[in-house]
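As stored in my_file_22.txt (compact mmCIF, C-alpha atoms):
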# COMPACT_ATOMS: atom_id res chain seq x y z
CA MET A 96 56.00 65.77 -147.82
CA PRO A 97 53.67 68.57 -149.03
CA ASP A 98 50.53 67.39 -150.81
CA ASN A 99 50.66 69.30 -154.08
CA SER A 100 48.18 67.00 -155.79
CA GLU A 101 45.41 67.96 -158.18
CA LYS A 102 43.32 68.94 -155.15
CA GLY A 103 45.73 71.80 -154.61
CA LEU A 104 47.60 72.93 -151.52
CA ASP A 105 46.19 72.14 -148.11
CA ARG A 106 45.61 74.97 -145.61
CA ARG A 107 49.09 74.71 -144.03
CA ASN A 108 50.95 74.69 -147.33
CA PHE A 109 48.72 77.46 -148.72
CA LEU A 110 49.68 79.67 -145.77
CA ILE A 111 53.37 78.82 -146.11
CA ALA A 112 53.22 79.51 -149.86
CA SER A 113 51.48 82.82 -149.18
CA ILE A 114 54.20 83.83 -146.75
CA ALA A 115 56.87 82.89 -149.25
CA THR A 116 55.30 85.00 -152.01
CA ALA A 117 54.15 88.05 -150.13
CA GLY A 118 55.76 90.45 -152.58
CA ALA A 119 57.74 93.51 -151.63
CA SER A 120 57.40 93.03 -147.89
CA ALA A 121 58.82 89.51 -148.17
CA ALA A 122 61.71 90.79 -150.29
CA PHE A 123 62.42 93.42 -147.65
CA ALA A 124 62.44 90.73 -144.93
CA VAL A 125 64.88 88.61 -146.94
CA ASN A 126 67.22 91.56 -147.43
CA ALA A 127 66.98 92.47 -143.76
CA ASN A 128 67.71 88.86 -142.86
CA ALA A 129 70.79 88.81 -145.08
CA ALA A 130 72.05 91.97 -143.42
CA GLY A 131 71.34 90.47 -140.01
CA GLU A 132 73.27 87.32 -140.91
CA ALA A 133 76.28 89.35 -142.01
CA SER A 134 76.27 91.44 -138.84
CA ALA A 135 75.81 88.34 -136.67
CA ALA A 136 78.79 86.68 -138.30
CA SER A 137 81.03 89.71 -137.69
CA ALA A 138 79.76 90.97 -134.33
CA GLY A 139 81.68 88.45 -132.22
CA THR A 140 80.30 86.64 -129.21
CA VAL A 141 77.05 88.12 -127.90
CA TYR A 142 76.03 87.41 -124.30
CA THR A 143 72.34 87.83 -123.51
CA GLY A 144 73.01 88.46 -119.82
CA ASP A 145 71.12 85.33 -118.80
CA VAL A 146 72.67 82.47 -116.82
CA ILE A 147 71.04 79.01 -116.75
CA GLN A 148 72.36 76.37 -114.33
CA GLY A 149 75.61 78.30 -114.11
CA LYS A 150 76.06 78.48 -117.91
CA LYS A 151 76.11 81.84 -119.67
CA VAL A 152 73.61 82.26 -122.50
CA ILE A 153 74.84 83.53 -125.87
CA SER A 154 73.00 84.52 -129.04
CA ALA A 155 76.12 84.50 -131.25
CA LEU A 156 79.57 82.98 -130.92
CA ASP A 157 83.04 83.71 -132.23
CA VAL A 158 85.50 81.19 -130.79
CA ASN A 159 88.31 83.69 -131.36
CA ASP A 160 86.91 85.63 -128.39
CA LEU A 161 87.39 82.72 -125.99
CA GLU A 162 90.30 82.14 -123.63
CA PRO A 163 92.69 79.46 -124.98
CA GLY A 164 93.60 76.35 -123.01
CA GLN A 165 90.10 75.96 -121.57
CA LYS A 166 86.73 74.33 -122.08
CA HIS A 167 83.86 76.78 -122.33
CA LEU A 168 80.23 75.79 -121.66
CA PHE A 169 77.33 77.85 -122.98
CA TYR A 170 73.66 77.76 -123.77
CA PHE A 171 72.94 79.15 -127.23
CA GLN A 172 69.65 81.03 -127.44
CA GLY A 173 67.56 79.37 -130.13
CA VAL A 174 64.06 80.05 -131.37
CA GLN A 175 61.27 81.11 -129.02
CA MET A 176 58.64 78.75 -127.63
CA PRO A 177 54.94 79.69 -127.79
CA THR A 178 55.26 81.10 -124.24
CA GLY A 179 58.08 83.46 -125.22
CA LYS A 180 60.91 81.50 -123.63
CA HIS A 181 63.71 80.14 -125.81
CA TRP A 182 64.83 76.68 -126.79
CA ASN A 183 68.41 76.89 -125.52
CA VAL A 184 71.02 74.59 -127.05
CA SER A 185 74.04 73.18 -125.17
CA VAL A 186 77.45 74.16 -126.55
CA VAL A 187 80.89 72.95 -125.44
CA VAL A 188 84.02 74.57 -126.87
CA ALA A 189 87.47 73.08 -126.26
CA LYS A 190 89.94 75.76 -127.32
CA GLY A 191 93.57 74.78 -127.59
CA VAL A 192 96.57 76.77 -126.44
CA ARG A 193 97.84 77.05 -130.02
CA PRO A 194 96.05 78.28 -133.15
CA GLY A 195 94.77 75.66 -135.57
CA LYS A 196 91.79 74.21 -137.37
CA ARG A 197 88.24 74.47 -136.06
CA VAL A 198 86.22 71.24 -136.06
CA LEU A 199 82.48 71.12 -135.39
CA LEU A 200 80.78 68.04 -133.89
CA ILE A 201 76.97 68.06 -134.04
CA SER A 202 74.35 65.73 -132.57
CA GLY A 203 70.73 65.84 -131.50
CA VAL A 204 69.36 67.09 -134.82
CA HIS A 205 66.82 64.30 -134.31
CA GLY A 206 65.44 63.79 -130.83
CA ASP A 207 65.70 59.99 -130.66
CA GLU A 208 69.39 59.61 -131.55
CA MET A 209 71.10 58.73 -128.29
CA SER A 210 74.28 57.02 -129.51
CA SER A 211 75.19 60.06 -131.59
CA ILE A 212 74.92 62.34 -128.55
CA HIS A 213 76.94 59.96 -126.41
CA THR A 214 79.66 59.76 -129.07
CA VAL A 215 80.11 63.53 -129.11
CA MET A 216 80.10 63.71 -125.30
CA THR A 217 82.75 60.98 -125.12
CA VAL A 218 85.04 62.74 -127.59
CA MET A 219 84.73 66.07 -125.79
CA ASN A 220 85.47 64.45 -122.42
CA GLN A 221 88.74 63.07 -123.84
CA LEU A 222 90.03 66.45 -124.98
CA ASP A 223 92.56 68.48 -122.97
CA PRO A 224 92.65 72.05 -124.30
CA LYS A 225 96.04 72.64 -122.65
CA SER A 226 97.61 70.19 -125.11
CA MET A 227 95.50 71.06 -128.17
CA SER A 228 95.85 73.24 -131.23
CA GLY A 229 92.78 74.83 -132.75
CA THR A 230 89.23 74.41 -131.53
CA VAL A 231 86.64 71.66 -131.22
CA MET A 232 83.05 72.81 -130.74
CA ALA A 233 80.26 70.38 -129.85
CA VAL A 234 76.51 70.87 -129.99
CA THR A 235 74.61 67.97 -128.42
CA ASP A 236 70.93 68.91 -128.48
CA VAL A 237 70.07 70.82 -131.65
CA SER A 238 66.40 69.77 -131.72
CA ARG A 239 65.58 70.43 -128.08
CA PRO A 240 61.78 69.98 -128.15
CA ALA A 241 62.15 66.64 -129.95
CA LEU A 242 64.73 65.50 -127.40
CA GLU A 243 62.45 66.35 -124.50
CA SER A 244 60.12 63.55 -125.61
CA MET A 245 62.77 61.41 -127.36
CA GLN A 246 61.05 61.58 -130.71
CA ARG A 247 62.63 62.06 -134.10
CA ARG A 248 60.83 65.20 -135.26
CA TRP A 249 60.24 68.67 -133.85
CA PRO A 250 56.63 69.09 -132.61
CA ASN A 251 55.23 72.27 -134.16
CA VAL A 252 51.84 73.57 -133.03
CA GLY A 253 51.70 76.82 -134.98
CA LEU A 254 49.10 75.67 -137.53
CA GLY A 255 47.77 72.64 -135.72
CA ALA A 256 49.73 69.59 -134.61
CA ASP A 257 52.65 68.80 -136.90
CA LEU A 258 56.02 67.06 -136.70
CA ILE A 259 58.89 68.61 -138.68
CA ASP A 260 62.13 66.83 -139.53
CA MET A 261 64.88 69.21 -138.40
CA ASN A 262 67.26 67.66 -140.90
CA ARG A 263 65.17 68.73 -143.88
CA VAL A 264 65.25 72.51 -143.29
CA TRP A 265 68.94 73.51 -143.37
CA PRO A 266 70.40 76.10 -143.63
CA GLY A 267 67.15 77.46 -142.27
CA ASP A 268 65.79 81.00 -142.34
CA GLU A 269 65.81 83.33 -139.34
CA ASN A 270 62.55 84.83 -140.68
CA GLY A 271 61.09 81.54 -141.90
CA PRO A 272 57.48 80.31 -141.70
CA THR A 273 58.10 77.68 -138.98
CA PRO A 274 59.99 77.73 -135.67
CA THR A 275 62.09 74.83 -136.96
CA SER A 276 63.30 76.84 -139.94
CA ARG A 277 64.01 79.86 -137.73
CA HIS A 278 65.86 77.73 -135.17
CA ALA A 279 68.01 76.23 -137.93
CA GLY A 280 68.72 79.70 -139.32
CA LEU A 281 69.81 81.06 -135.94
CA LEU A 282 72.13 78.11 -135.26
CA PHE A 283 73.56 78.01 -138.77
CA ASN A 284 74.23 81.74 -139.10
CA ARG A 285 75.31 82.62 -135.57
CA LEU A 286 76.86 79.45 -134.15
CA LEU A 287 77.82 76.76 -136.65
CA ARG A 288 78.98 78.38 -139.87
CA PRO A 289 81.17 81.12 -138.30
CA ASN A 290 83.16 78.63 -136.21
CA ALA A 291 83.96 75.65 -138.41
CA ASP A 292 86.58 74.62 -140.95
CA PHE A 293 85.37 70.99 -140.96
CA ALA A 294 82.29 69.30 -139.50
CA ILE A 295 80.77 65.93 -138.62
CA ASP A 296 77.02 65.56 -138.09
CA PHE A 297 76.22 62.46 -136.00
CA HIS A 298 72.95 60.51 -136.34
CA THR A 299 71.38 57.08 -135.79
CA GLY A 300 68.52 55.19 -137.36
CA ALA A 301 65.00 56.41 -136.63
CA THR A 302 62.68 54.98 -133.99
CA GLY A 303 61.43 51.61 -135.24
CA PHE A 304 64.33 51.39 -137.71
CA SER A 305 67.88 50.24 -137.06
CA ALA A 306 71.02 51.06 -138.99
CA SER A 307 74.50 49.66 -139.23
CA ALA A 308 77.61 51.67 -138.42
CA PHE A 309 78.29 53.68 -141.57
CA ASN A 310 79.17 57.11 -142.87
CA ILE A 311 77.42 59.21 -145.52
CA GLY A 312 79.51 61.64 -147.52
CA ASP A 313 80.59 62.78 -150.94
CA MET A 314 83.93 61.13 -151.69
CA ASN A 315 84.34 63.39 -154.71
CA ILE A 316 85.32 66.10 -152.21
CA PRO A 317 88.95 65.29 -151.28
CA GLU A 318 88.72 66.67 -147.73
CA VAL A 319 85.56 64.63 -147.06
CA LYS A 320 87.05 61.47 -148.56
CA ALA A 321 90.14 61.80 -146.35
CA MET A 322 88.02 62.04 -143.20
CA LEU A 323 85.67 59.20 -144.17
CA GLU A 324 88.62 56.85 -144.62
CA LEU A 325 89.79 57.52 -141.04
CA PHE A 326 86.83 55.65 -139.50
CA PRO A 327 87.10 51.88 -138.81
CA VAL A 328 83.55 51.26 -140.05
CA THR A 329 82.70 48.77 -142.76
CA GLN A 330 80.22 50.74 -144.90
CA ILE A 331 80.41 54.10 -146.67
CA PHE A 332 77.44 55.63 -148.49
CA ASN A 333 79.25 57.66 -151.14
CA ASN A 334 76.46 60.10 -151.94
CA PRO A 335 75.58 63.52 -150.50
CA VAL A 336 71.82 62.59 -150.32
CA TYR A 337 69.05 65.11 -149.52
CA PRO A 338 70.13 68.68 -150.44
CA VAL A 339 68.58 70.14 -147.27
CA VAL A 340 70.42 68.09 -144.63
CA LEU A 341 72.90 69.84 -142.36
CA HIS A 342 76.14 68.42 -143.73
CA ASN A 343 75.20 69.50 -147.27
CA ALA A 344 74.27 73.00 -146.08
CA LEU A 345 77.74 73.23 -144.56
CA ILE A 346 79.36 72.00 -147.76
CA ASP A 347 77.42 74.63 -149.71
CA VAL A 348 79.18 77.37 -147.72
CA GLY A 349 82.62 75.81 -148.13
CA ILE A 350 82.88 73.69 -144.97
CA PRO A 351 83.76 70.02 -145.73
CA ALA A 352 81.30 67.88 -143.78
CA PHE A 353 79.74 64.42 -143.65
CA CYS A 354 77.21 62.40 -141.65
CA SER A 355 77.89 59.47 -139.31
CA GLU A 356 75.16 56.89 -138.61
CA ILE A 357 75.53 54.93 -135.37
CA GLY A 358 73.05 52.07 -135.15
CA PRO A 359 69.49 52.13 -133.78
CA ALA A 360 67.59 54.98 -132.14
CA ARG A 361 66.71 55.47 -128.45
CA VAL A 362 69.48 53.23 -127.08
CA LEU A 363 73.24 53.26 -126.62
CA THR A 364 75.34 50.91 -128.75
CA PRO A 365 78.75 50.89 -126.99
CA ASP A 366 80.60 48.85 -129.63
CA MET A 367 79.48 51.17 -132.42
CA ILE A 368 80.09 54.28 -130.32
CA ASP A 369 83.69 53.15 -129.77
CA LEU A 370 84.24 52.97 -133.55
CA PHE A 371 83.03 56.52 -134.09
CA VAL A 372 84.93 57.92 -131.12
CA GLU A 373 88.10 56.35 -132.53
CA GLY A 374 87.35 57.67 -136.01
CA THR A 375 86.61 61.17 -134.72
CA MET A 376 89.83 61.25 -132.73
CA ASN A 377 91.62 60.19 -135.92
CA VAL A 378 90.05 63.16 -137.70
CA LEU A 379 91.26 65.51 -134.97
CA LYS A 380 94.77 64.06 -135.28
CA HIS A 381 94.57 64.36 -139.07
CA HIS A 382 93.86 68.08 -138.73
CA GLY A 383 96.62 68.58 -136.14
CA ILE A 384 94.26 69.44 -133.29
CA VAL A 385 95.45 66.64 -131.01
CA SER A 386 98.65 64.64 -131.19
CA GLY A 387 99.34 60.93 -130.95
CA PRO A 388 99.30 57.85 -133.17
CA MET A 389 96.30 57.10 -135.34
CA GLY A 390 93.87 54.48 -134.12
CA LYS A 391 92.24 51.93 -136.37
CA THR A 392 91.02 53.35 -139.68
CA GLY A 393 89.21 52.10 -142.76
CA LYS A 394 92.47 50.44 -143.83
CA ASP A 395 92.12 48.03 -140.91
CA VAL A 396 88.65 46.75 -141.88
CA THR A 397 86.93 45.60 -145.04
CA VAL A 398 84.90 48.57 -146.25
CA PHE A 399 81.94 48.21 -148.61
CA ILE A 400 81.35 51.42 -150.57
CA GLY A 401 78.11 52.09 -152.43
CA ASN A 402 76.79 55.21 -154.09
CA SER A 403 73.06 54.48 -153.77
CA GLY A 404 70.55 52.90 -151.42
CA PHE A 405 67.86 50.54 -152.71
CA PRO A 406 64.67 50.73 -150.60
CA ILE A 407 62.40 47.74 -150.05
CA VAL A 408 58.96 49.27 -149.39
CA ALA A 409 55.91 47.49 -147.96
CA THR A 410 53.13 46.93 -150.49
CA GLU A 411 50.71 45.48 -147.93
CA ALA A 412 49.85 45.87 -144.25
CA GLY A 413 50.73 43.19 -141.75
CA PHE A 414 53.45 41.54 -139.70
CA VAL A 415 56.93 41.66 -141.25
CA GLU A 416 59.56 38.97 -140.85
CA PRO A 417 62.98 40.03 -142.16
CA LEU A 418 65.07 37.25 -143.65
CA VAL A 419 68.35 39.20 -143.61
CA LYS A 420 70.40 41.08 -141.02
CA LEU A 421 72.40 44.29 -141.10
CA HIS A 422 75.61 43.91 -143.16
CA ASP A 423 74.29 40.81 -144.97
CA ARG A 424 75.25 40.62 -148.64
CA VAL A 425 72.24 40.18 -150.94
CA ASN A 426 71.81 39.46 -154.64
CA PRO A 427 69.10 40.15 -157.23
CA GLY A 428 66.11 37.87 -156.76
CA GLN A 429 66.99 37.01 -153.17
CA LYS A 430 64.01 36.99 -150.79
CA VAL A 431 64.71 39.48 -147.99
CA ALA A 432 61.40 39.64 -146.08
CA VAL A 433 57.91 38.15 -145.88
CA GLN A 434 54.72 39.68 -144.52
CA ARG A 435 51.71 37.99 -142.95
CA ASN A 436 48.20 39.09 -142.05
CA SER A 437 46.58 38.47 -138.67
CA PHE A 438 45.64 34.91 -139.77
CA GLY A 439 49.28 34.06 -140.40
CA GLU A 440 48.77 33.95 -144.16
CA ILE A 441 51.60 35.33 -146.31
CA VAL A 442 50.36 38.47 -148.05
CA ALA A 443 53.65 39.68 -149.52
CA GLU A 444 57.19 38.53 -150.24
CA TYR A 445 59.96 41.02 -150.87
CA MET A 446 62.98 40.51 -153.12
CA SER A 447 66.19 42.40 -153.70
CA SER A 448 66.75 43.84 -157.15
CA VAL A 449 70.42 44.69 -156.59
CA THR A 450 73.70 43.28 -155.36
CA GLY A 451 74.79 44.99 -152.17
CA GLU A 452 74.76 45.05 -148.37
CA VAL A 453 71.90 45.70 -145.96
CA PHE A 454 72.58 48.94 -144.09
CA ALA A 455 69.18 49.75 -142.55
CA LEU A 456 66.40 47.49 -141.34
CA ARG A 457 62.93 48.06 -139.90
CA THR A 458 62.67 46.81 -136.31
CA ASP A 459 58.94 47.47 -135.77
CA VAL A 460 57.21 44.23 -136.74
CA THR A 461 53.94 45.68 -138.01
CA SER A 462 53.92 47.84 -141.10
CA GLU A 463 51.47 49.76 -143.22
CA PRO A 464 51.75 49.97 -147.01
CA GLY A 465 54.39 52.44 -148.06
CA ASN A 466 56.69 51.99 -145.07
CA PRO A 467 60.31 51.16 -145.88
CA LEU A 468 61.32 47.72 -144.61
CA LEU A 469 65.03 47.78 -145.37
CA PHE A 470 67.67 49.54 -147.44
CA ILE A 471 70.44 47.94 -149.46
CA LEU A 472 73.68 49.82 -150.11
CA PHE A 473 74.85 49.17 -153.66
CA GLU A 474 76.94 50.65 -156.46
CA LYS A 475 75.16 52.21 -159.41
CA PRO A 476 77.16 52.25 -162.65
CA THR A 477 76.73 56.03 -162.69
CA ARG A 478 75.94 58.11 -159.63
CA GLU A 479 72.96 60.35 -160.36
CA GLY A 480 73.58 63.15 -157.88
CA MET A 481 71.69 63.58 -154.63
CA GLU A 482 68.99 61.06 -153.74
CA SER A 483 66.04 61.08 -151.36
CA TYR A 484 64.40 58.09 -149.71
CA PRO A 485 61.05 57.11 -148.20
CA GLU A 486 60.89 57.30 -144.43
Can you give me the file's structure in the form of structure tokens?
Amino acid sequence: MPDNSEKGLDRRNFLIASIATAGASAAFAVNANAAGEASAASAGTVYTGDVIQGKKVISALDVNDLEPGQKHLFYFQGVQMPTGKHWNVSVVVAKGVRPGKRVLLISGVHGDEMSSIHTVMTVMNQLDPKSMSGTVMAVTDVSRPALESMQRRWPNVGLGADLIDMNRVWPGDENGPTPTSRHAGLLFNRLLRPNADFAIDFHTGATGFSASAFNIGDMNIPEVKAMLELFPVTQIFNNPVYPVVLHNALIDVGIPAFCSEIGPARVLTPDMIDLFVEGTMNVLKHHGIVSGPMGKTGKDVTVFIGNSGFPIVATEAGFVEPLVKLHDRVNPGQKVAVQRNSFGEIVAEYMSSVTGEVFALRTDVTSEPGNPLLFILFEKPTREGMESYPE
């Protein structure tokens, strides 16, 4: 988070603020960007002429240009690296033989989320375009530089070493002050938004933090609610959360979307992956893209729905021992974790203040003050709009 304390902006944020308020020249850039976005959306598929590992490189995509009844594999040309090369993003398009809805499956927005990527790959490998209607497009490695080192955030070296969360910059800005913002803008304007009627953004917990199998979405949107209920997972976070995440940026431009969370980072969780593959295939059947009977849905499991997440945050440094597991029900006053110093003395005990279910849990044993230790999904009497959480 930016440090806008009484000491004022630090050098990085001062420069970013200066860029954002550069007067007439900045206004001209914004207008030029808007014109560029409009032309990109209407110009159809643009091939750069490059071929990487047998895959053609594109800088814009219109799935209407593609041959039906086939799978098409591309690299999308993202933002430039410091050396002038581009971060190219893998794109798979399964285009059916009949017209229909266009569904977008996204993963790799964070670089440590392996189960989400595997889920999307598994779904795409099951699709036969010759028996499909409509189009399914998959992007598996949005945050390429983060994936290269399997870390959550995008390493930015423009103003000194920094790590930027790719899922806090959407819809991005093709002329933005960071490569992350520009990369998001290119993908959003030229690849994602023009080719989607519905979307699912797949994630996992962060490194050092596990999560249960749950979905995040706004059930006040009927199309989102219908899709959420097609997944055989036992928790739904009924809140849009964070205005700058990808699924909310898609909703803002009229594309119903939600976020799936598939367990811990850096590893594959086959049992959880199976649930989300089944749920995604149900969504494709729901929209008439593939045929066949529905698999298990939310009607076949006991689903806990909450509209808020209660964070338990470390007040001390030391070794944390959780006293609850994912999916455990907790009540106000219940002890959920203890923390010890290097002598084994208890320095902190942590209690729940709400009734709900554990949906995220720190797996790293040591913790500094301010780190979240666990999150409890619960129902507030009145939902208070979007929420943000410590990370």
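Atom to atom, CA of Ala432 in chain A and CA of Phe332 in chain A stand 22.8 Å apart.
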Inset, instruction - Tell me, as an MDAnalysis selection string, which residues lie within 9 Å of range 300-312 of chain A, counting only C-alpha atoms; anything in the same chain fewer than 3 positions away does not count. - result: chainID A and resid 205 207:208 246:247 315:316 319:320 323 326 328:336 342:343 352:361 367:368 370:371 421:422 453:460 468:469 486
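With distances restricted to only C-alpha atoms, A:Thr375 is the closest residue to Met216 in chain A from A:Thr275, A:Thr375, A:Ser448, A:Asn251.
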Inset, instruction - Within 8 Å of (75.5, 51.5, -155.4) (coordinates as in the file), grab all the protein and nucleic acid residues, counting all atoms listed in the file, and write them out as a ChimeraX atom specification. - result: /A:400-404,451,472-476,478
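Residue nearest Phe405 in chain A, chosen from A:Gln175, A:Asn426, A:Thr230, A:Asn262 and counting only C-alpha atoms: A:Asn426.
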Inset, instruction - Give me the residues within 9 Å of range 231-240 of chain A as number ranges by chain, counting only C-alpha atoms and dropping any in the same chain fewer than 2 places off. - result: A: 158, 182-191, 196-206, 211-213, 215-216, 219, 222, 229, 242-250, 261, 275, 278-279, 282, 287, 290-291, 379, 384
